[in-house]
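Text of query-v7.cif, listed as mmCIF, C-alpha atoms:
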data_target
#
loop_
_atom_site.group_PDB
_atom_site.id
_atom_site.type_symbol
_atom_site.label_atom_id
_atom_site.label_comp_id
_atom_site.auth_asym_id
_atom_site.auth_seq_id
_atom_site.Cartn_x
_atom_site.Cartn_y
_atom_site.Cartn_z
ATOM 1 C CA MET A 13 0.000 0.000 0.000
ATOM 2 C CA SER A 14 1.278 3.451 -0.963
ATOM 3 C CA SER A 15 0.325 6.452 1.168
ATOM 4 C CA ILE A 16 1.081 10.176 0.957
ATOM 5 C CA LEU A 17 0.589 10.490 4.752
ATOM 6 C CA THR A 18 2.677 7.603 6.068
ATOM 7 C CA ASN A 19 6.152 6.858 4.764
ATOM 8 C CA THR A 20 6.778 3.378 6.109
ATOM 9 C CA SER A 21 10.295 3.158 4.697
ATOM 10 C CA ALA A 22 11.279 6.454 6.317
ATOM 11 C CA LEU A 23 9.874 5.338 9.670
ATOM 12 C CA ALA A 24 11.843 2.104 9.485
ATOM 13 C CA ALA A 25 15.013 3.971 8.564
ATOM 14 C CA LEU A 26 14.459 6.421 11.455
ATOM 15 C CA GLN A 27 13.979 3.572 13.904
ATOM 16 C CA THR A 28 17.191 1.951 12.683
ATOM 17 C CA LEU A 29 19.019 5.260 13.103
ATOM 18 C CA ARG A 30 17.755 5.583 16.680
ATOM 19 C CA THR A 31 19.016 2.093 17.461
ATOM 20 C CA ILE A 32 22.402 2.859 15.917
ATOM 21 C CA ASN A 33 22.654 6.123 17.900
ATOM 22 C CA ASN A 34 21.831 4.321 21.133
ATOM 23 C CA ASP A 35 24.448 1.660 20.410
ATOM 24 C CA MET A 36 26.966 4.382 19.555
ATOM 25 C CA GLU A 37 26.269 6.147 22.850
ATOM 26 C CA THR A 38 26.806 2.903 24.741
ATOM 27 C CA THR A 39 30.013 2.108 22.859
ATOM 28 C CA GLN A 40 31.407 5.607 23.272
ATOM 29 C CA GLY A 41 30.654 5.428 26.987
ATOM 30 C CA ARG A 42 32.577 2.158 27.259
ATOM 31 C CA ILE A 43 35.527 3.612 25.365
ATOM 32 C CA SER A 44 35.646 6.776 27.465
ATOM 33 C CA SER A 45 35.275 4.965 30.815
ATOM 34 C CA GLY A 46 37.097 1.765 29.896
ATOM 35 C CA GLU A 47 34.258 -0.249 31.442
ATOM 36 C CA ARG A 48 31.552 -2.342 29.865
ATOM 37 C CA VAL A 49 29.766 -2.576 33.221
ATOM 38 C CA GLY A 50 29.880 0.903 34.678
ATOM 39 C CA ALA A 51 26.528 0.878 36.454
ATOM 40 C CA ALA A 52 24.043 -1.648 37.844
ATOM 41 C CA LYS A 53 21.818 -1.238 34.784
ATOM 42 C CA ASP A 54 24.590 -2.618 32.551
ATOM 43 C CA ASN A 55 24.768 -5.945 34.396
ATOM 44 C CA ALA A 56 23.399 -5.999 37.939
ATOM 45 C CA ALA A 57 25.130 -9.245 38.966
ATOM 46 C CA TYR A 58 28.584 -8.292 37.701
ATOM 47 C CA TRP A 59 28.248 -4.757 39.058
ATOM 48 C CA SER A 60 27.355 -6.092 42.521
ATOM 49 C CA ILE A 61 30.279 -8.537 42.566
ATOM 50 C CA ALA A 62 32.706 -5.905 41.317
ATOM 51 C CA THR A 63 31.543 -3.390 43.915
ATOM 52 C CA THR A 64 32.111 -5.899 46.728
ATOM 53 C CA MET A 65 35.518 -6.906 45.382
ATOM 54 C CA ARG A 66 36.588 -3.279 45.096
ATOM 55 C CA SER A 67 35.498 -2.705 48.681
ATOM 56 C CA ASP A 68 37.500 -5.728 49.819
ATOM 57 C CA ASN A 69 40.515 -4.534 47.877
ATOM 58 C CA ALA A 70 40.299 -1.146 49.584
ATOM 59 C CA ALA A 71 40.205 -2.927 52.949
ATOM 60 C CA LEU A 72 43.171 -5.035 51.870
ATOM 61 C CA SER A 73 45.059 -1.853 51.039
ATOM 62 C CA ALA A 74 44.439 -0.689 54.614
ATOM 63 C CA VAL A 75 45.749 -4.063 55.829
ATOM 64 C CA GLN A 76 48.935 -3.509 53.821
ATOM 65 C CA ASP A 77 49.359 -0.141 55.522
ATOM 66 C CA ALA A 78 48.801 -1.785 58.902
ATOM 67 C CA LEU A 79 51.376 -4.466 58.059
ATOM 68 C CA GLY A 80 53.872 -1.733 57.327
ATOM 69 C CA LEU A 81 53.108 -0.174 60.700
ATOM 70 C CA GLY A 82 53.504 -3.557 62.392
ATOM 71 C CA ALA A 83 56.809 -4.155 60.625
ATOM 72 C CA ALA A 84 58.047 -0.814 61.946
ATOM 73 C CA LYS A 85 57.113 -1.806 65.515
ATOM 74 C CA VAL A 86 58.959 -5.101 65.184
ATOM 75 C CA ASP A 87 62.003 -3.433 63.624
ATOM 76 C CA VAL A 88 62.232 -0.940 66.493
ATOM 77 C CA ALA A 89 61.981 -3.701 69.107
ATOM 78 C CA TYR A 90 64.455 -5.924 67.264
ATOM 79 C CA GLY A 91 66.875 -3.013 66.920
ATOM 80 C CA GLY A 92 66.643 -2.550 70.682
ATOM 81 C CA VAL A 93 67.426 -6.235 71.264
ATOM 82 C CA GLU A 94 70.466 -6.105 68.989
ATOM 83 C CA ALA A 95 71.745 -2.972 70.730
ATOM 84 C CA ALA A 96 71.176 -4.582 74.146
ATOM 85 C CA ILE A 97 73.123 -7.680 73.077
ATOM 86 C CA ASP A 98 76.114 -5.521 72.125
ATOM 87 C CA VAL A 99 76.015 -3.728 75.486
ATOM 88 C CA VAL A 100 75.679 -6.961 77.492
ATOM 89 C CA LYS A 101 78.599 -8.468 75.589
ATOM 90 C CA THR A 102 80.681 -5.444 76.539
ATOM 91 C CA ILE A 103 79.672 -5.838 80.195
ATOM 92 C CA LYS A 104 80.817 -9.443 79.936
ATOM 93 C CA GLN A 105 84.210 -8.276 78.701
ATOM 94 C CA LYS A 106 84.510 -5.866 81.634
ATOM 95 C CA LEU A 107 83.692 -8.642 84.091
ATOM 96 C CA VAL A 108 86.370 -10.848 82.567
ATOM 97 C CA THR A 109 88.801 -7.962 82.979
ATOM 98 C CA ALA A 110 87.802 -7.709 86.638
ATOM 99 C CA THR A 111 89.059 -11.253 87.251
ATOM 100 C CA GLU A 112 92.642 -10.262 86.469
ATOM 101 C CA GLN A 113 94.939 -9.684 89.433
ATOM 102 C CA GLY A 114 95.643 -6.092 90.327
ATOM 103 C CA VAL A 115 92.670 -4.678 88.403
ATOM 104 C CA ASP A 116 90.779 -1.924 90.201
ATOM 105 C CA LYS A 117 87.260 -3.353 90.357
ATOM 106 C CA VAL A 118 85.797 0.017 91.313
ATOM 107 C CA LYS A 119 87.114 1.523 88.088
ATOM 108 C CA VAL A 120 85.687 -1.416 86.143
ATOM 109 C CA GLN A 121 82.355 -0.833 87.858
ATOM 110 C CA GLU A 122 82.375 2.783 86.697
ATOM 111 C CA GLU A 123 82.456 1.517 83.114
ATOM 112 C CA ILE A 124 79.830 -1.117 83.834
ATOM 113 C CA THR A 125 77.569 1.531 85.375
ATOM 114 C CA GLN A 126 77.730 3.550 82.170
ATOM 115 C CA LEU A 127 76.852 0.421 80.198
ATOM 116 C CA GLN A 128 73.951 -0.324 82.553
ATOM 117 C CA ASP A 129 72.638 3.205 82.033
ATOM 118 C CA GLN A 130 72.936 2.631 78.297
ATOM 119 C CA LEU A 131 70.873 -0.545 78.646
ATOM 120 C CA LYS A 132 68.114 1.393 80.407
ATOM 121 C CA SER A 133 68.303 4.068 77.723
ATOM 122 C CA ILE A 134 67.861 1.393 75.042
ATOM 123 C CA GLY A 135 64.848 -0.012 76.869
ATOM 124 C CA ALA A 136 63.212 3.401 77.088
ATOM 125 C CA SER A 137 64.061 4.377 73.511
ATOM 126 C CA ALA A 138 62.732 1.230 71.818
ATOM 127 C CA THR A 139 59.318 2.866 71.541
ATOM 128 C CA PHE A 140 57.208 3.279 68.428
ATOM 129 C CA ASN A 141 53.964 5.229 68.408
ATOM 130 C CA GLY A 142 53.765 4.983 72.202
ATOM 131 C CA GLU A 143 54.292 1.200 72.298
ATOM 132 C CA ASN A 144 57.333 -0.394 73.900
ATOM 133 C CA TRP A 145 57.521 -4.119 73.198
ATOM 134 C CA LEU A 146 60.672 -4.584 75.289
ATOM 135 C CA ALA A 147 58.996 -3.486 78.502
ATOM 136 C CA GLY A 148 56.618 -5.583 80.554
ATOM 137 C CA GLY A 149 53.409 -4.363 82.137
ATOM 138 C CA ASN A 150 52.009 -3.262 78.780
ATOM 139 C CA ALA A 151 49.227 -4.775 76.708
ATOM 140 C CA ASP A 152 50.340 -7.401 74.207
ATOM 141 C CA GLY A 153 51.508 -5.957 70.916
ATOM 142 C CA THR A 154 49.265 -6.750 67.971
ATOM 143 C CA VAL A 155 49.782 -6.561 64.217
ATOM 144 C CA VAL A 156 46.970 -6.656 61.659
ATOM 145 C CA THR A 157 47.693 -9.516 59.261
ATOM 146 C CA GLY A 158 44.653 -9.894 57.027
ATOM 147 C CA PHE A 159 41.091 -9.151 55.965
ATOM 148 C CA VAL A 160 38.793 -12.138 55.433
ATOM 149 C CA ARG A 161 35.274 -12.308 53.955
ATOM 150 C CA GLY A 162 33.305 -15.445 54.765
ATOM 151 C CA ASP A 163 30.868 -17.312 52.530
ATOM 152 C CA ASP A 164 27.991 -15.719 54.412
ATOM 153 C CA GLY A 165 29.292 -12.224 53.712
ATOM 154 C CA THR A 166 30.644 -11.609 57.192
ATOM 155 C CA VAL A 167 34.060 -9.990 57.432
ATOM 156 C CA LYS A 168 36.802 -10.027 60.043
ATOM 157 C CA VAL A 169 40.298 -8.682 60.504
ATOM 158 C CA THR A 170 42.969 -11.186 61.546
ATOM 159 C CA THR A 171 45.873 -10.233 63.797
ATOM 160 C CA ALA A 172 49.124 -11.628 65.147
ATOM 161 C CA SER A 173 50.091 -10.906 68.737
ATOM 162 C CA TYR A 174 53.393 -10.438 70.563
ATOM 163 C CA ASP A 175 53.481 -11.363 74.248
ATOM 164 C CA SER A 176 55.182 -8.332 75.803
ATOM 165 C CA ALA A 177 55.067 -9.828 79.305
ATOM 166 C CA THR A 178 56.807 -13.097 78.386
ATOM 167 C CA ASN A 179 59.415 -11.285 76.299
ATOM 168 C CA ALA A 180 59.982 -8.362 78.670
ATOM 169 C CA LEU A 181 63.614 -7.269 78.883
ATOM 170 C CA PHE A 182 62.710 -4.484 81.290
ATOM 171 C CA GLY A 183 59.919 -3.556 83.665
ATOM 172 C CA ALA A 184 56.942 -1.418 82.718
ATOM 173 C CA TYR A 185 57.548 1.583 80.493
ATOM 174 C CA ASP A 186 56.280 4.896 81.844
ATOM 175 C CA PRO A 187 55.382 7.228 78.941
ATOM 176 C CA SER A 188 55.209 10.219 81.280
ATOM 177 C CA THR A 189 58.853 9.895 82.347
ATOM 178 C CA GLY A 190 60.186 8.017 79.320
ATOM 179 C CA GLU A 191 61.813 5.437 81.608
ATOM 180 C CA VAL A 192 61.531 1.709 82.258
ATOM 181 C CA ASP A 193 61.415 -0.110 85.570
ATOM 182 C CA ASP A 194 64.856 -1.703 86.028
ATOM 183 C CA SER A 195 63.795 -3.922 88.928
ATOM 184 C CA THR A 196 61.975 -6.499 86.791
ATOM 185 C CA GLY A 197 62.460 -8.114 83.396
ATOM 186 C CA TYR A 198 65.230 -10.211 81.923
ATOM 187 C CA MET A 199 67.761 -7.364 82.303
ATOM 188 C CA ALA A 200 67.061 -6.748 86.002
ATOM 189 C CA ASP A 201 69.894 -8.958 87.262
ATOM 190 C CA THR A 202 72.334 -7.468 84.750
ATOM 191 C CA LEU A 203 71.370 -3.957 85.811
ATOM 192 C CA ALA A 204 71.909 -4.956 89.463
ATOM 193 C CA ILE A 205 75.549 -6.020 88.974
ATOM 194 C CA GLU A 206 77.877 -3.993 91.182
ATOM 195 C CA LEU A 207 81.590 -4.524 91.790
ATOM 196 C CA THR A 208 83.493 -3.227 94.818
ATOM 197 C CA ASP A 209 87.006 -3.685 96.157
ATOM 198 C CA ALA A 210 85.628 -6.514 98.263
ATOM 199 C CA THR A 211 84.084 -8.406 95.335
ATOM 200 C CA THR A 212 85.596 -11.881 95.123
ATOM 201 C CA ASP A 213 86.441 -13.845 91.987
ATOM 202 C CA ALA A 214 83.628 -16.247 92.852
ATOM 203 C CA GLU A 215 81.187 -13.342 92.904
ATOM 204 C CA VAL A 216 82.493 -12.114 89.570
ATOM 205 C CA ALA A 217 81.988 -15.632 88.214
ATOM 206 C CA GLY A 218 78.396 -15.458 89.461
ATOM 207 C CA HIS A 219 77.950 -12.159 87.621
ATOM 208 C CA LEU A 220 79.286 -13.812 84.474
ATOM 209 C CA ASP A 221 76.646 -16.524 84.853
ATOM 210 C CA THR A 222 74.059 -13.732 85.114
ATOM 211 C CA ILE A 223 75.367 -12.241 81.871
ATOM 212 C CA GLU A 224 75.174 -15.606 80.092
ATOM 213 C CA THR A 225 71.556 -15.976 81.193
ATOM 214 C CA ALA A 226 70.838 -12.451 79.967
ATOM 215 C CA LEU A 227 72.372 -13.214 76.568
ATOM 216 C CA THR A 228 70.270 -16.391 76.310
ATOM 217 C CA ASN A 229 67.113 -14.427 77.110
ATOM 218 C CA LEU A 230 68.065 -11.723 74.621
ATOM 219 C CA SER A 231 68.551 -14.354 71.944
ATOM 220 C CA THR A 232 65.124 -15.832 72.718
ATOM 221 C CA VAL A 233 63.394 -12.457 72.493
ATOM 222 C CA GLY A 234 65.274 -11.633 69.295
ATOM 223 C CA SER A 235 64.236 -14.970 67.819
ATOM 224 C CA ASN A 236 60.586 -14.329 68.677
ATOM 225 C CA LEU A 237 60.726 -10.911 67.073
ATOM 226 C CA GLY A 238 62.487 -12.361 64.037
ATOM 227 C CA SER A 239 59.763 -14.978 63.595
ATOM 228 C CA LEU A 240 57.072 -12.304 63.762
ATOM 229 C CA SER A 241 58.995 -10.161 61.297
ATOM 230 C CA MET A 242 59.220 -13.101 58.894
ATOM 231 C CA ARG A 243 55.456 -13.680 59.147
ATOM 232 C CA ILE A 244 54.743 -10.015 58.490
ATOM 233 C CA GLY A 245 57.014 -10.096 55.445
ATOM 234 C CA LEU A 246 55.280 -13.178 54.066
ATOM 235 C CA GLN A 247 51.870 -11.623 54.726
ATOM 236 C CA GLU A 248 52.905 -8.416 52.955
ATOM 237 C CA ASP A 249 53.866 -10.424 49.865
ATOM 238 C CA PHE A 250 50.613 -12.389 50.007
ATOM 239 C CA ALA A 251 48.503 -9.262 50.510
ATOM 240 C CA SER A 252 50.159 -7.639 47.497
ATOM 241 C CA LYS A 253 49.493 -10.676 45.296
ATOM 242 C CA LEU A 254 45.932 -10.976 46.588
ATOM 243 C CA SER A 255 45.287 -7.307 45.828
ATOM 244 C CA ASP A 256 46.550 -7.787 42.278
ATOM 245 C CA ALA A 257 44.364 -10.874 41.863
ATOM 246 C CA LEU A 258 41.272 -8.997 43.070
ATOM 247 C CA GLU A 259 41.994 -6.139 40.704
ATOM 248 C CA LYS A 260 42.371 -8.545 37.790
ATOM 249 C CA GLY A 261 39.162 -10.291 38.799
ATOM 250 C CA VAL A 262 37.253 -7.024 38.755
ATOM 251 C CA GLY A 263 38.777 -6.190 35.396
ATOM 252 C CA ARG A 264 37.587 -9.448 33.866
ATOM 253 C CA LEU A 265 34.053 -8.689 35.015
ATOM 254 C CA VAL A 266 33.646 -5.054 34.094
ATOM 255 C CA ASP A 267 36.475 -3.856 31.849
ATOM 256 C CA ALA A 268 35.722 -3.171 28.211
ATOM 257 C CA ASP A 269 37.724 -4.767 25.394
ATOM 258 C CA MET A 270 39.039 -1.592 23.793
ATOM 259 C CA ASN A 271 39.893 -3.241 20.486
ATOM 260 C CA GLU A 272 36.410 -4.719 20.220
ATOM 261 C CA GLU A 273 34.695 -1.499 21.248
ATOM 262 C CA SER A 274 36.759 0.609 18.810
ATOM 263 C CA THR A 275 35.905 -1.729 15.959
ATOM 264 C CA ARG A 276 32.226 -1.649 16.927
ATOM 265 C CA LEU A 277 32.291 2.170 17.018
ATOM 266 C CA LYS A 278 33.703 2.365 13.496
ATOM 267 C CA ALA A 279 31.034 -0.038 12.247
ATOM 268 C CA LEU A 280 28.270 1.973 13.900
ATOM 269 C CA GLN A 281 29.630 5.211 12.469
ATOM 270 C CA THR A 282 29.525 3.658 9.009
ATOM 271 C CA GLN A 283 25.957 2.446 9.563
ATOM 272 C CA GLN A 284 24.935 5.867 10.801
ATOM 273 C CA GLN A 285 26.288 7.532 7.679
#
Let's see the structure in the file written out as structure tokens.
Amino acid sequence: MSSILTNTSALAALQTLRTINNDMETTQGRISSGERVGAAKDNAAYWSIATTMRSDNAALSAVQDALGLGAAKVDVAYGGVEAAIDVVKTIKQKLVTATEQGVDKVKVQEEITQLQDQLKSIGASATFNGENWLAGGNADGTVVTGFVRGDDGTVKVTTASYDSATNALFGAYDPSTGEVDDSTGYMADTLAIELTDATTDAEVAGHLDTIETALTNLSTVGSNLGSLSMRIGLQEDFASKLSDALEKGVGRLVDADMNEESTRLKALQTQQQ
């Protein structure tokens, strides 16, 4: 049927043009944003999954920051242990010197006293962000190690703890004075060593036994800190790989194939013309 009022062919062509324009708008949007699923209307399921994964990745980024903070705490404490070991070894040398005949033990004690003061200074200085892991009487040190989402959607943050009481080299740290209590902790006996003119060789030998015990305790604390440092390092590597995997997973769901979209745009432009 031919009509002067209704041009069926023109209407069909106009409808086709509208469709092409809509497809071009969609394709251009994908090219400009780089995403084929940029909103829930594009694909509700993929958009929902991607949104959750991005949220988890952001939380994982915060975990990585927390791991870095934890590593700093461990490094400060471990540095304090290493410094303490050097000082205790030097005290040991002074005690050996005191066993020689004719040595003025009082003069040796003057040197030991300076070393003991240095030990206390190390204990007070091994503080990071108000936490001193070498001093007892404080809450256990904790390090954030991960972010976990369960099958039911619940989330939790995992942590690793450091027992400050068991590994205490010194007594409680007082933030107000910046000092540690030298009457308790693994270093207490070392800090109590005192030589006089009347000190016998047997007493010096007893002090040497005290030093050996102190070195053993220092090695134990250093080992514990080293183990925690190793775990943090491994967790940092894992968190980095997991973050990359999440990012790739999101990309597979929502990223546009730029080659495909560019080719489609050229085809639509040709059809439009």
Per residue of range 33-133 of chain A within 10 Å of range 206-223 of chain A, what are the shortest atom pair and its distance in Å to one decimal, counting all atoms listed in the file, with rows by chain and residue number, as a Markdown table?
| residue | atom | partner | partner_atom | distance |
| --- | --- | --- | --- | --- |
| A:Val100 | CA | A:Ile223 | CA | 6.9 |
| A:Lys101 | CA | A:Ile223 | CA | 8.0 |
| A:Ile103 | CA | A:Ile223 | CA | 7.9 |
| A:Lys104 | CA | A:Ile223 | CA | 6.4 |
| A:Gln105 | CA | A:Leu220 | CA | 9.4 |
| A:Lys106 | CA | A:Leu220 | CA | 9.9 |
| A:Leu107 | CA | A:Val216 | CA | 6.6 |
| A:Val108 | CA | A:Leu220 | CA | 7.9 |
| A:Ala110 | CA | A:Val216 | CA | 7.5 |
| A:Thr111 | CA | A:Asp213 | CA | 6.0 |
| A:Glu112 | CA | A:Asp213 | CA | 9.0 |
| A:Gln113 | CA | A:Asp213 | CA | 9.8 |
| A:Val115 | CA | A:Asp209 | CA | 9.7 |
| A:Asp116 | CA | A:Asp209 | CA | 7.3 |
| A:Lys117 | CA | A:Asp209 | CA | 5.8 |
| A:Val118 | CA | A:Thr208 | CA | 5.3 |
| A:Lys119 | CA | A:Leu207 | CA | 9.0 |
| A:Val120 | CA | A:Leu207 | CA | 7.6 |
| A:Gln121 | CA | A:Leu207 | CA | 5.4 |
| A:Glu122 | CA | A:Leu207 | CA | 8.9 |
| A:Ile124 | CA | A:Glu206 | CA | 8.1 |
| A:Thr125 | CA | A:Glu206 | CA | 8.0 |
Residue contacts of range 134-143 of chain A (6 Å, all atoms listed in the file) excluding same-chain residues fewer than 5 positions away, as a PyMOL selection string: chain A and resi 85+88-89+92+190-192
Save out the residues we just selected, C-alpha atoms, as a JSON list (two decimals), in the frame of the given file.
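What landed in result01.json:
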[["chain", "number", "residue", "atom", "x", "y", "z"],
["A", 85, "LYS", "CA", 57.11, -1.81, 65.52],
["A", 88, "VAL", "CA", 62.23, -0.94, 66.49],
["A", 89, "ALA", "CA", 61.98, -3.70, 69.11],
["A", 92, "GLY", "CA", 66.64, -2.55, 70.68],
["A", 190, "GLY", "CA", 60.19, 8.02, 79.32],
["A", 191, "GLU", "CA", 61.81, 5.44, 81.61],
["A", 192, "VAL", "CA", 61.53, 1.71, 82.26]]
Which residue of A:Tyr90, A:Gly261, A:Asp98, A:Leu203 approaches Ser239 in chain A most closely, using only C-alpha atoms: A:Tyr90
Top pick for closest residue to Lys132 in chain A, considering A:Met270, A:Val167, A:Ala184, A:Leu26 and counting all atoms listed in the file: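 Closest to Lys132 in chain A, using all atoms listed in the file: A:Ala184.
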Interatomic distance, CA of Glu259 in chain A to CA of Arg243 in chain A (Å, one decimal):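 The value is 24.0 Å.
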Distance query Trp59 in chain A at most 12 Å, only C-alpha atoms, self and fewer than 3 positions along chain excluded, as JSON, numbers by chain: {"A": [47, 48, 49, 50, 51, 52, 53, 54, 55, 56, 62, 63, 64, 65, 66, 262, 263, 264, 265, 266, 267]}
Between CA of Ala226 in chain A and CA of Gly197 in chain A - distance in Å to one decimal: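 So the answer is 10.0 Å.
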Interatomic distance (Å, one decimal) between CA of Ser188 in chain A and CA of Ala147 in chain A: 14.5 Å
For range 245-248 of chain A: contacts at 7 Å, all atoms listed in the file, fewer than 5 positions along chain excluded, given as JSON, numbers by chain: {"A": [76, 79, 157]}
Saved selection, atoms kept: C-alpha atoms, as a short mmCIF file (atom, residue, chain, number, x, y, z; two decimals), in the frame of the given file:
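So out29.cif came out as:
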data_model
loop_
_atom_site.label_atom_id
_atom_site.label_comp_id
_atom_site.auth_asym_id
_atom_site.auth_seq_id
_atom_site.Cartn_x
_atom_site.Cartn_y
_atom_site.Cartn_z
CA GLN A 76 48.94 -3.51 53.82
CA LEU A 79 51.38 -4.47 58.06
CA THR A 157 47.69 -9.52 59.26
#
Resolved residues for the PyMOL selection byres ((chain A and resi 78) around 12) as an MDAnalysis selection string: chainID A and resid 71:77 79:85 154:159 169:172 244 247:248 251
Residue among A:Ala177, A:Met242, A:Ile97, A:Asp129 lying closest to Asn229 in chain A, counting only C-alpha atoms: A:Ile97
Exercise: residues within 10 Å of coordinate (57.6, -5.5, 84.2), counting only C-alpha atoms, as a PyMOL selection string: chain A and resi 146-150+176-185+192-198+200
Proximity to Asp68 in chain A - best of A:Val86, A:Ala204, A:Val160, A:Ala268, all atoms listed in the file: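 For Asp68 in chain A, the nearest of the given residues is A:Val160.
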